[in-house]
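J.: Sharing a structure, written as structure tokens. Questions coming.
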Amino acid sequence: MDIKVLAEAIGFEYSGESVEITAMNTLSDASSSQLSFVANKKYVSEVESTKAGFILIEEALLSYVPKDTVALVCENPYMMMAKASKYFAPSYVEANQNPPVIGKNCQISERANIENGAVIGDNCTVLAGAYIGSMVQMGNNVVIHPNVTVYRDTVIGNDCMIHSGSVIGADGFGFATTALGTHVKIYQNGNVVLEDDVEIGSNTTVDCAVFGSTLLKEGVRIDNLVQIGHNCVIGEYSVVVAQAGVAGSTKLGRNVVMGGQTAIAGHLEIAPFTNFAARSGVTRSIKEPNKTFGGFPLMEQRTWLKLQAKLARLIK
Amino acid sequence: MDIKVLAEAIGFEYSGESVEITAMNTLSDASSSQLSFVANKKYVSEVESTKAGFILIEEALLSYVPKDTVALVCENPYMMMAKASKYFAPSYVEANQNPPVIGKNCQISERANIENGAVIGDNCTVLAGAYIGSMVQMGNNVVIHPNVTVYRDTVIGNDCMIHSGSVIGADGFGFATTALGTHVKIYQNGNVVLEDDVEIGSNTTVDCAVFGSTLLKEGVRIDNLVQIGHNCVIGEYSVVVAQAGVAGSTKLGRNVVMGGQTAIAGHLEIAPFTNFAARSGVTRSIKEPNKTFGGFPLMEQRTWLKLQAKLARLIK
Amino acid sequence: MDIKVLAEAIGFEYSGESVEITAMNTLSDASSSQLSFVANKKYVSEVESTKAGFILIEEALLSYVPKDTVALVCENPYMMMAKASKYFAPSYVEANQNPPVIGKNCQISERANIENGAVIGDNCTVLAGAYIGSMVQMGNNVVIHPNVTVYRDTVIGNDCMIHSGSVIGADGFGFATTALGTHVKIYQNGNVVLEDDVEIGSNTTVDCAVFGSTLLKEGVRIDNLVQIGHNCVIGEYSVVVAQAGVAGSTKLGRNVVMGGQTAIAGHLEIAPFTNFAARSGVTRSIKEPNKTFGGFPLMEQRTWLKLQAKLARLIK
């Protein structure tokens, strides 16, 4: 999209020449043809090192912008980013792409729906009512059960299985709120990547990233009715039990176990081999691996047990 | 349905003339051709002002019935209402209605299912596997992702988006329980109304009303795996984060925020601009706007934080 | 499958003759043509009374094996069972079975998908996008709403209703973990049985059993977004409110009520007529019927209320 047209459409000032912007991206990942933004002073060092061609930014932070990046000054860069995101959203279906490519020895139901541009490996099973979006890439030996939905651009490794009703790659929950309390949608233009040997239960939701990818690494096991937010990374062989949820941008190390109905807040990092008892409520990062936690607020599980014993005595 | 036939079918006494009853309804909304009921003495004032043609009622409350309303005396009006509800349930599909009417410039997948009587506005997208029930009304610029289910009679405003796997308008959870412990289904004969600019995530469920409408007002944002019970009203621009739930007949004001896994009990009213921290458990109405709560039982969030600090000291 | 071929495929020692094994099963249910396993010393008495033809077992427990059962000695019988389970998994679709048999007076959408070998009773409704797997048996007067998925081998009684998006019979959450932290899937080769008059809300998941059946007894009422784990038994007329979950192998008596977001751990037994307040966390069996519990850890509801009152005074 031409930066001049975008400036006009969403209302920031730009008096330079026409330049084609190819995408929006984060400060650290944006290239010279891409548009980025900064909405918070704590990201100043990322501004200084960005390679973005254009950046939506408050006047107060102007001095941090590198010389090869064009600053687009505005009062509310986060809101501007939300408004701009719409113009970079891909179409829901890529009608003009090639018909899907199906590997050898696959069992694809005539009642599955596979959009153009999708590529499916060998020995895959896709059952009735499953939806495989445009440009989805699927490895070998994958099983997609009935009525699964895989949004466009999702990447699925080898030996994965997804059970019925699960939704992979729907929009993350993102919007900018105006002073009047109304919301402007942030289009979620990233995708979901499942590495090899990932199994996902039924009616689970894995949201796509705002930019980049939500990533489930090799050997992950997800149960039913689980929520994985946008831009999460779930480490290798991690296990997420039913009705648990992980909010956006949180990263789990390998072999983390989340008990049933556990919730982890956004933007945290969880050390490898951490265990969360059922219904843990996690609002801080865990640095040290190999420990077991429980409760809300979170504490070591043995501390939680001690506290509950103490409370039990309180009422005697 | 003829009141005489109904009396015979479900077993209440009626010795008057044949009268056609067109629907069941609440005491306050029922008209002279409709049947209502009262199951609790606290609704006596609504009995006195009802315009219902017929009312299922205990003998003890007979004196409150207005003169234009025919009292149908029975021992257990709630159970009678449950039994009667079945006879007013619409068919699952209206085969004899006109074919669906589709607006201009729509992208409707050949593998979407749109039942007769549905009316779809302009510039709408309905993707594969989506189900749009009979008599559904949809505004302009609506996007329905794959494998969404919209039950019959749902009304969807302009600029709405519903992500995959969500179910709008399924039966609310209602039944009358006999003395033996068995359950008689209360057919949920109302609908769901989404006003303009409502976005609903994936695998969320919004139940239809028993009578009348479950209502999501303008600009509401619902995340994934959320449950909205029958007859709820969700106020303008309210935000409901993943895995939260609202039980039946609860009303949220505008710009209420429900953190992840929060639950609100039924028949409550929540003031505008109320914030609930993640996993709040709400069992009472909130009268004063603009406050932040947390915990279960619910308290102001700062009180909850203080309490947790105190408990942490207990175990030192 | 020939026991010699299986031994070679998954790596346990067997020097006997070729014998066809027809299935895997539990110690108590296995017959002389079936393979069982023991992974824990506490099941020694079940080993002594098993009628299994073959048993995967540690050397230390060899002395308990009955004389008609062939012991297959290995270091990690649980892992061996996991590896073996794959060879007994039925195909996803039985292409070679007879076309489905549909009873009288049914309304089956042309866009429903009914696999071969399924048998549907009289007066049934199956709406668009619903998936009825191979060999499913369905009674009379059943209603299957759009986009429901019923996995193969499920048995559905008379007068049942399943709302949209629910998934009946997907794999339970089972795997064996290696010393390196990787997981080997335990194929879930059992099924789900719904007795008569069961109603299931929308986007609920009921997992199939590892062996045998997950069972929902007569008159059970399940709300939306509920998780029922593999091998559970839900007693007659029990009521499970939205977003509650029951972990694997737990057995509920009749007329148990689980409030919203309640969770019950696995392998427990809950006495009839037990009530759990919303968000109860249940980690022990309940022996005495007819009591009301709440909280996590679980206590009698009146005790929980007392405790909360005490805590409220703490912060004054």
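Within each chain, counting starts at residue 1; across the structure tokens, chains are named A, B, ... in the order shown, with ligands numbered 1 upward in that order.
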Neighbours of Tyr43 of chain B within 12 Å (only C-alpha atoms; same-chain residues fewer than 5 positions away dropped), as a PDB file with N, CA and C atoms, in the first residue's frame?

T.:
ATOM      1  N   THR B  26     -43.290 -13.782  29.024  1.00  0.00           N
ATOM      2  CA  THR B  26     -43.178 -13.347  30.424  1.00  0.00           C
ATOM      3  C   THR B  26     -44.421 -12.550  30.812  1.00  0.00           C
ATOM      4  N   LEU B  27     -44.651 -12.410  32.102  1.00  0.00           N
ATOM      5  CA  LEU B  27     -45.791 -11.647  32.606  1.00  0.00           C
ATOM      6  C   LEU B  27     -45.813 -10.233  32.020  1.00  0.00           C
ATOM      7  N   SER B  28     -44.659  -9.611  31.947  1.00  0.00           N
ATOM      8  CA  SER B  28     -44.637  -8.206  31.517  1.00  0.00           C
ATOM      9  C   SER B  28     -44.765  -8.052  29.999  1.00  0.00           C
ATOM     10  N   PHE B  37     -46.993 -17.340  32.955  1.00  0.00           N
ATOM     11  CA  PHE B  37     -47.000 -18.183  34.159  1.00  0.00           C
ATOM     12  C   PHE B  37     -46.376 -17.396  35.288  1.00  0.00           C
ATOM     13  N   VAL B  38     -46.679 -17.801  36.524  1.00  0.00           N
ATOM     14  CA  VAL B  38     -45.974 -17.239  37.676  1.00  0.00           C
ATOM     15  C   VAL B  38     -45.573 -18.385  38.597  1.00  0.00           C
ATOM     16  N   GLU B  48     -50.366  -8.679  38.680  1.00  0.00           N
ATOM     17  CA  GLU B  48     -51.437  -7.678  38.729  1.00  0.00           C
ATOM     18  C   GLU B  48     -51.478  -6.793  37.481  1.00  0.00           C
ATOM     19  N   SER B  49     -50.305  -6.579  36.879  1.00  0.00           N
ATOM     20  CA  SER B  49     -50.276  -5.678  35.720  1.00  0.00           C
ATOM     21  C   SER B  49     -50.139  -6.410  34.388  1.00  0.00           C
ATOM     22  N   THR B  50     -50.183  -7.734  34.410  1.00  0.00           N
ATOM     23  CA  THR B  50     -49.977  -8.465  33.150  1.00  0.00           C
ATOM     24  C   THR B  50     -51.129  -8.249  32.174  1.00  0.00           C
ATOM     25  N   ILE B  57     -50.952 -20.621  37.161  1.00  0.00           N
ATOM     26  CA  ILE B  57     -50.813 -19.991  38.478  1.00  0.00           C
ATOM     27  C   ILE B  57     -51.268 -20.936  39.581  1.00  0.00           C
ATOM     28  N   LEU B  61     -52.491 -17.686  44.614  1.00  0.00           N
ATOM     29  CA  LEU B  61     -52.235 -16.362  44.034  1.00  0.00           C
ATOM     30  C   LEU B  61     -53.381 -15.865  43.157  1.00  0.00           C
ATOM     31  N   TYR B  64     -54.745 -12.186  42.602  1.00  0.00           N
ATOM     32  CA  TYR B  64     -53.965 -11.128  41.952  1.00  0.00           C
ATOM     33  C   TYR B  64     -54.188 -11.045  40.435  1.00  0.00           C
ATOM     34  N   VAL B  65     -54.895 -12.014  39.900  1.00  0.00           N
ATOM     35  CA  VAL B  65     -55.041 -12.083  38.438  1.00  0.00           C
ATOM     36  C   VAL B  65     -56.010 -11.011  37.937  1.00  0.00           C
TER      37      VAL B  65
END

J.: Write out as a PyMOL selection string each polymer residue whose atoms come within 8 Å of Glu13 of chain B, counting only C-alpha atoms; drop sequence neighbours fewer than 4 positions from it.

T.: chain B and resi 7-8+72-74

J.: Listing only residues of chain B within 7 Å of chain A, what is the closest atom pair and its distance in Å (to one decimal) for each, using only C-alpha atoms, sorted by chain and residue number ascending, as JSON lines?

T.:
{"residue": "B:Ala128", "atom": "CA", "partner": "A:Asn113", "partner_atom": "CA", "distance": 7.0}
{"residue": "B:Gly129", "atom": "CA", "partner": "A:Gly129", "partner_atom": "CA", "distance": 6.4}
{"residue": "B:Pro146", "atom": "CA", "partner": "A:Thr149", "partner_atom": "CA", "distance": 6.7}
{"residue": "B:Asn147", "atom": "CA", "partner": "A:Asn147", "partner_atom": "CA", "distance": 6.8}
{"residue": "B:His163", "atom": "CA", "partner": "A:Ala170", "partner_atom": "CA", "distance": 6.6}
{"residue": "B:Ser164", "atom": "CA", "partner": "A:Val167", "partner_atom": "CA", "distance": 6.4}
{"residue": "B:Gly165", "atom": "CA", "partner": "A:Gly165", "partner_atom": "CA", "distance": 6.4}
{"residue": "B:Ser202", "atom": "CA", "partner": "A:Thr205", "partner_atom": "CA", "distance": 6.7}
{"residue": "B:Asn203", "atom": "CA", "partner": "A:Asn203", "partner_atom": "CA", "distance": 6.6}
{"residue": "B:Gly219", "atom": "CA", "partner": "A:Thr182", "partner_atom": "CA", "distance": 6.6}
{"residue": "B:Asp223", "atom": "CA", "partner": "A:Phe173", "partner_atom": "CA", "distance": 6.1}
{"residue": "B:Tyr237", "atom": "CA", "partner": "A:Thr182", "partner_atom": "CA", "distance": 5.8}
{"residue": "B:Asn255", "atom": "CA", "partner": "A:Gly181", "partner_atom": "CA", "distance": 6.8}
{"residue": "B:Ile315", "atom": "CA", "partner": "A:Leu307", "partner_atom": "CA", "distance": 6.1}

J.: Which polymer residues have any atom within 8 Å of an atom of Met81 of chain C, counting only C-alpha atoms, with same-chain residues fewer than 5 positions away left out, as an MDAnalysis selection string?

T.: chainID C and resid 36:37 56 186

J.: How would the residues just chosen look if you wrote them out with N, CA and C atoms as a JSON list (two decimals), in the first residue's frame?

T.:
[["chain", "number", "residue", "atom", "x", "y", "z"],
["C", 36, "SER", "N", -3.61, -57.28, 27.73],
["C", 36, "SER", "CA", -3.77, -56.29, 28.79],
["C", 36, "SER", "C", -2.39, -55.87, 29.29],
["C", 37, "PHE", "N", -2.36, -55.09, 30.36],
["C", 37, "PHE", "CA", -1.08, -54.61, 30.89],
["C", 37, "PHE", "C", -1.27, -54.25, 32.35],
["C", 56, "LEU", "N", 1.25, -57.40, 29.41],
["C", 56, "LEU", "CA", 2.53, -56.69, 29.47],
["C", 56, "LEU", "C", 2.81, -56.41, 30.95],
["C", 186, "ILE", "N", -1.37, -42.62, 23.50],
["C", 186, "ILE", "CA", -2.18, -43.81, 23.79],
["C", 186, "ILE", "C", -3.47, -43.67, 22.98]]

J.: Got a sec: who's within 9 Å of Glu94 of chain C, counting only C-alpha atoms, leaving out chain neighbours fewer than 6 positions off, as a PyMOL selection string?

T.: chain C and resi 115-117+133-135+152

J.: Choose the residue, out of C:Val126, C:Val210, C:Leu252, C:Val136, that has the smallest atom-to-atom separation from Asn189 of chain C; count only C-alpha atoms.

T.: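 Distance minimum relative to Asn189 of chain C lands on C:Val210.
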
J.: For the structure I just gave you, how does DSSP split segment 53-301 of chain C - specifically, which residues are strand (DSSP E or B)? Reply as a PyMOL selection string.

T.: chain C and resi 54-57+70-73+101-102+107-108+113-114+119-120+125-126+131-132+137-138+143-144+149-150+155-156+161-162+167-170+175-177+183-185+191-194+199-200+205-207+213-216+221-222+227-228+233-234+239-240+245-246+251-252+257-258+263-264+269-270+275-276+281-282+286+292-294+299-300

J.: Tell me, which residues of segment 49-246 of chain C carry DSSP helix (DSSP H, G or I), written as a count of residues only?

T.: 19

J.: So that I can check the surroundings of Gly139 of chain A, please list as a VMD selection string every protein, DNA and RNA residue that reaches within 6 Å of it, counting only C-alpha atoms and ignoring chain neighbours fewer than 5 positions away.

T.: chain A and resid 121 157 to 158

J.: Could you list, as a PDB file with N, CA and C atoms, in the first residue's frame, every residue within 12 Å of Asp29 of chain B, counting only C-alpha atoms and ignoring same-chain residues fewer than 3 positions away?

T.:
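Done, and the output landed in result39.pdb:
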ATOM      1  N   ALA B  23     -48.362 -17.738  21.524  1.00  0.00           N
ATOM      2  CA  ALA B  23     -46.997 -17.893  22.051  1.00  0.00           C
ATOM      3  C   ALA B  23     -47.040 -17.914  23.565  1.00  0.00           C
ATOM      4  N   MET B  24     -45.908 -18.271  24.168  1.00  0.00           N
ATOM      5  CA  MET B  24     -45.723 -18.096  25.606  1.00  0.00           C
ATOM      6  C   MET B  24     -44.838 -16.875  25.806  1.00  0.00           C
ATOM      7  N   ASN B  25     -44.995 -16.246  26.952  1.00  0.00           N
ATOM      8  CA  ASN B  25     -44.197 -15.044  27.180  1.00  0.00           C
ATOM      9  C   ASN B  25     -44.120 -14.717  28.672  1.00  0.00           C
ATOM     10  N   THR B  26     -43.290 -13.782  29.024  1.00  0.00           N
ATOM     11  CA  THR B  26     -43.178 -13.347  30.424  1.00  0.00           C
ATOM     12  C   THR B  26     -44.421 -12.550  30.812  1.00  0.00           C
ATOM     13  N   SER B  32     -52.613 -10.392  24.876  1.00  0.00           N
ATOM     14  CA  SER B  32     -53.885 -11.061  25.171  1.00  0.00           C
ATOM     15  C   SER B  32     -54.049 -12.407  24.465  1.00  0.00           C
ATOM     16  N   SER B  33     -53.225 -12.673  23.461  1.00  0.00           N
ATOM     17  CA  SER B  33     -53.316 -13.989  22.806  1.00  0.00           C
ATOM     18  C   SER B  33     -52.219 -14.925  23.297  1.00  0.00           C
ATOM     19  N   GLN B  34     -51.523 -14.523  24.350  1.00  0.00           N
ATOM     20  CA  GLN B  34     -50.368 -15.306  24.799  1.00  0.00           C
ATOM     21  C   GLN B  34     -50.580 -15.908  26.194  1.00  0.00           C
ATOM     22  N   LEU B  35     -49.769 -16.928  26.462  1.00  0.00           N
ATOM     23  CA  LEU B  35     -49.816 -17.659  27.725  1.00  0.00           C
ATOM     24  C   LEU B  35     -48.609 -17.272  28.581  1.00  0.00           C
ATOM     25  N   SER B  36     -48.855 -16.947  29.843  1.00  0.00           N
ATOM     26  CA  SER B  36     -47.743 -16.682  30.749  1.00  0.00           C
ATOM     27  C   SER B  36     -47.854 -17.574  31.978  1.00  0.00           C
ATOM     28  N   PHE B  37     -46.993 -17.340  32.955  1.00  0.00           N
ATOM     29  CA  PHE B  37     -47.000 -18.183  34.159  1.00  0.00           C
ATOM     30  C   PHE B  37     -46.376 -17.396  35.288  1.00  0.00           C
ATOM     31  N   GLU B  46     -46.187  -8.187  39.123  1.00  0.00           N
ATOM     32  CA  GLU B  46     -46.216  -8.382  37.668  1.00  0.00           C
ATOM     33  C   GLU B  46     -47.476  -9.133  37.230  1.00  0.00           C
ATOM     34  N   VAL B  47     -47.967  -9.988  38.123  1.00  0.00           N
ATOM     35  CA  VAL B  47     -49.255 -10.645  37.818  1.00  0.00           C
ATOM     36  C   VAL B  47     -50.345  -9.582  37.704  1.00  0.00           C
ATOM     37  N   SER B  49     -50.305  -6.579  36.879  1.00  0.00           N
ATOM     38  CA  SER B  49     -50.276  -5.678  35.720  1.00  0.00           C
ATOM     39  C   SER B  49     -50.139  -6.410  34.388  1.00  0.00           C
ATOM     40  N   THR B  50     -50.183  -7.734  34.410  1.00  0.00           N
ATOM     41  CA  THR B  50     -49.977  -8.465  33.150  1.00  0.00           C
ATOM     42  C   THR B  50     -51.129  -8.249  32.174  1.00  0.00           C
ATOM     43  N   LYS B  51     -50.801  -8.318  30.902  1.00  0.00           N
ATOM     44  CA  LYS B  51     -51.818  -8.274  29.843  1.00  0.00           C
ATOM     45  C   LYS B  51     -51.963  -9.634  29.163  1.00  0.00           C
ATOM     46  N   ALA B  52     -51.375 -10.652  29.791  1.00  0.00           N
ATOM     47  CA  ALA B  52     -51.445 -12.004  29.226  1.00  0.00           C
ATOM     48  C   ALA B  52     -52.897 -12.473  29.119  1.00  0.00           C
ATOM     49  N   GLY B  53     -53.192 -13.193  28.067  1.00  0.00           N
ATOM     50  CA  GLY B  53     -54.517 -13.774  27.929  1.00  0.00           C
ATOM     51  C   GLY B  53     -54.751 -14.886  28.933  1.00  0.00           C
ATOM     52  N   PHE B 211     -37.736 -16.492  26.478  1.00  0.00           N
ATOM     53  CA  PHE B 211     -38.665 -15.609  25.755  1.00  0.00           C
ATOM     54  C   PHE B 211     -37.874 -14.337  25.464  1.00  0.00           C
ATOM     55  N   GLY B 212     -38.247 -13.609  24.442  1.00  0.00           N
ATOM     56  CA  GLY B 212     -37.535 -12.371  24.151  1.00  0.00           C
ATOM     57  C   GLY B 212     -36.156 -12.626  23.583  1.00  0.00           C
ATOM     58  N   SER B 213     -35.180 -11.773  23.932  1.00  0.00           N
ATOM     59  CA  SER B 213     -33.870 -11.809  23.277  1.00  0.00           C
ATOM     60  C   SER B 213     -32.716 -11.750  24.271  1.00  0.00           C
TER      61      SER B 213
END

J.: Of the candidates C:His230, C:Lys42, C:His267, C:His145, which shows the shortest atom-to-atom distance to Ile286 of chain C, using only C-alpha atoms?

T.: C:His267

J.: Separation of atom CA of Ser238 of chain A and atom CA of Pro77 of chain C, in Å?

T.: 23.1 Å

J.: Could you check how far atom CA of Gln137 of chain B sits from atom CA of Asp122 of chain B, in Å to one decimal?

T.: 11.9 Å

J.: Which polymer residues have any atom within 6 Å of an atom of Ser249 of chain B, counting only C-alpha atoms, with same-chain residues fewer than 5 positions away left out, as a PyMOL selection string?

T.: chain B and resi 231-232+266-267

J.: Restrict the selected residues to N, CA and C atoms and save them as a compact mmCIF listing (two decimals), in the first residue's frame.

T.:
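Contents of the output file again.txt:
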# COMPACT_ATOMS: atom_id res chain seq x y z
N ASN B 231 -30.93 -14.76 27.85
CA ASN B 231 -31.55 -13.52 28.34
C ASN B 231 -30.56 -12.52 28.94
N CYS B 232 -29.26 -12.74 28.74
CA CYS B 232 -28.28 -11.73 29.17
C CYS B 232 -28.38 -10.49 28.29
N GLY B 266 -26.20 -15.56 37.72
CA GLY B 266 -27.38 -15.15 36.98
C GLY B 266 -28.19 -14.05 37.68
N HIS B 267 -29.00 -13.34 36.92
CA HIS B 267 -29.98 -12.38 37.46
C HIS B 267 -29.34 -11.21 38.21

J.: Go through A:Gly16, A:Tyr78, A:Leu6, A:Val70 and flag the residue nearest Ala176 of chain A, using only C-alpha atoms for the distances.

T.: A:Tyr78
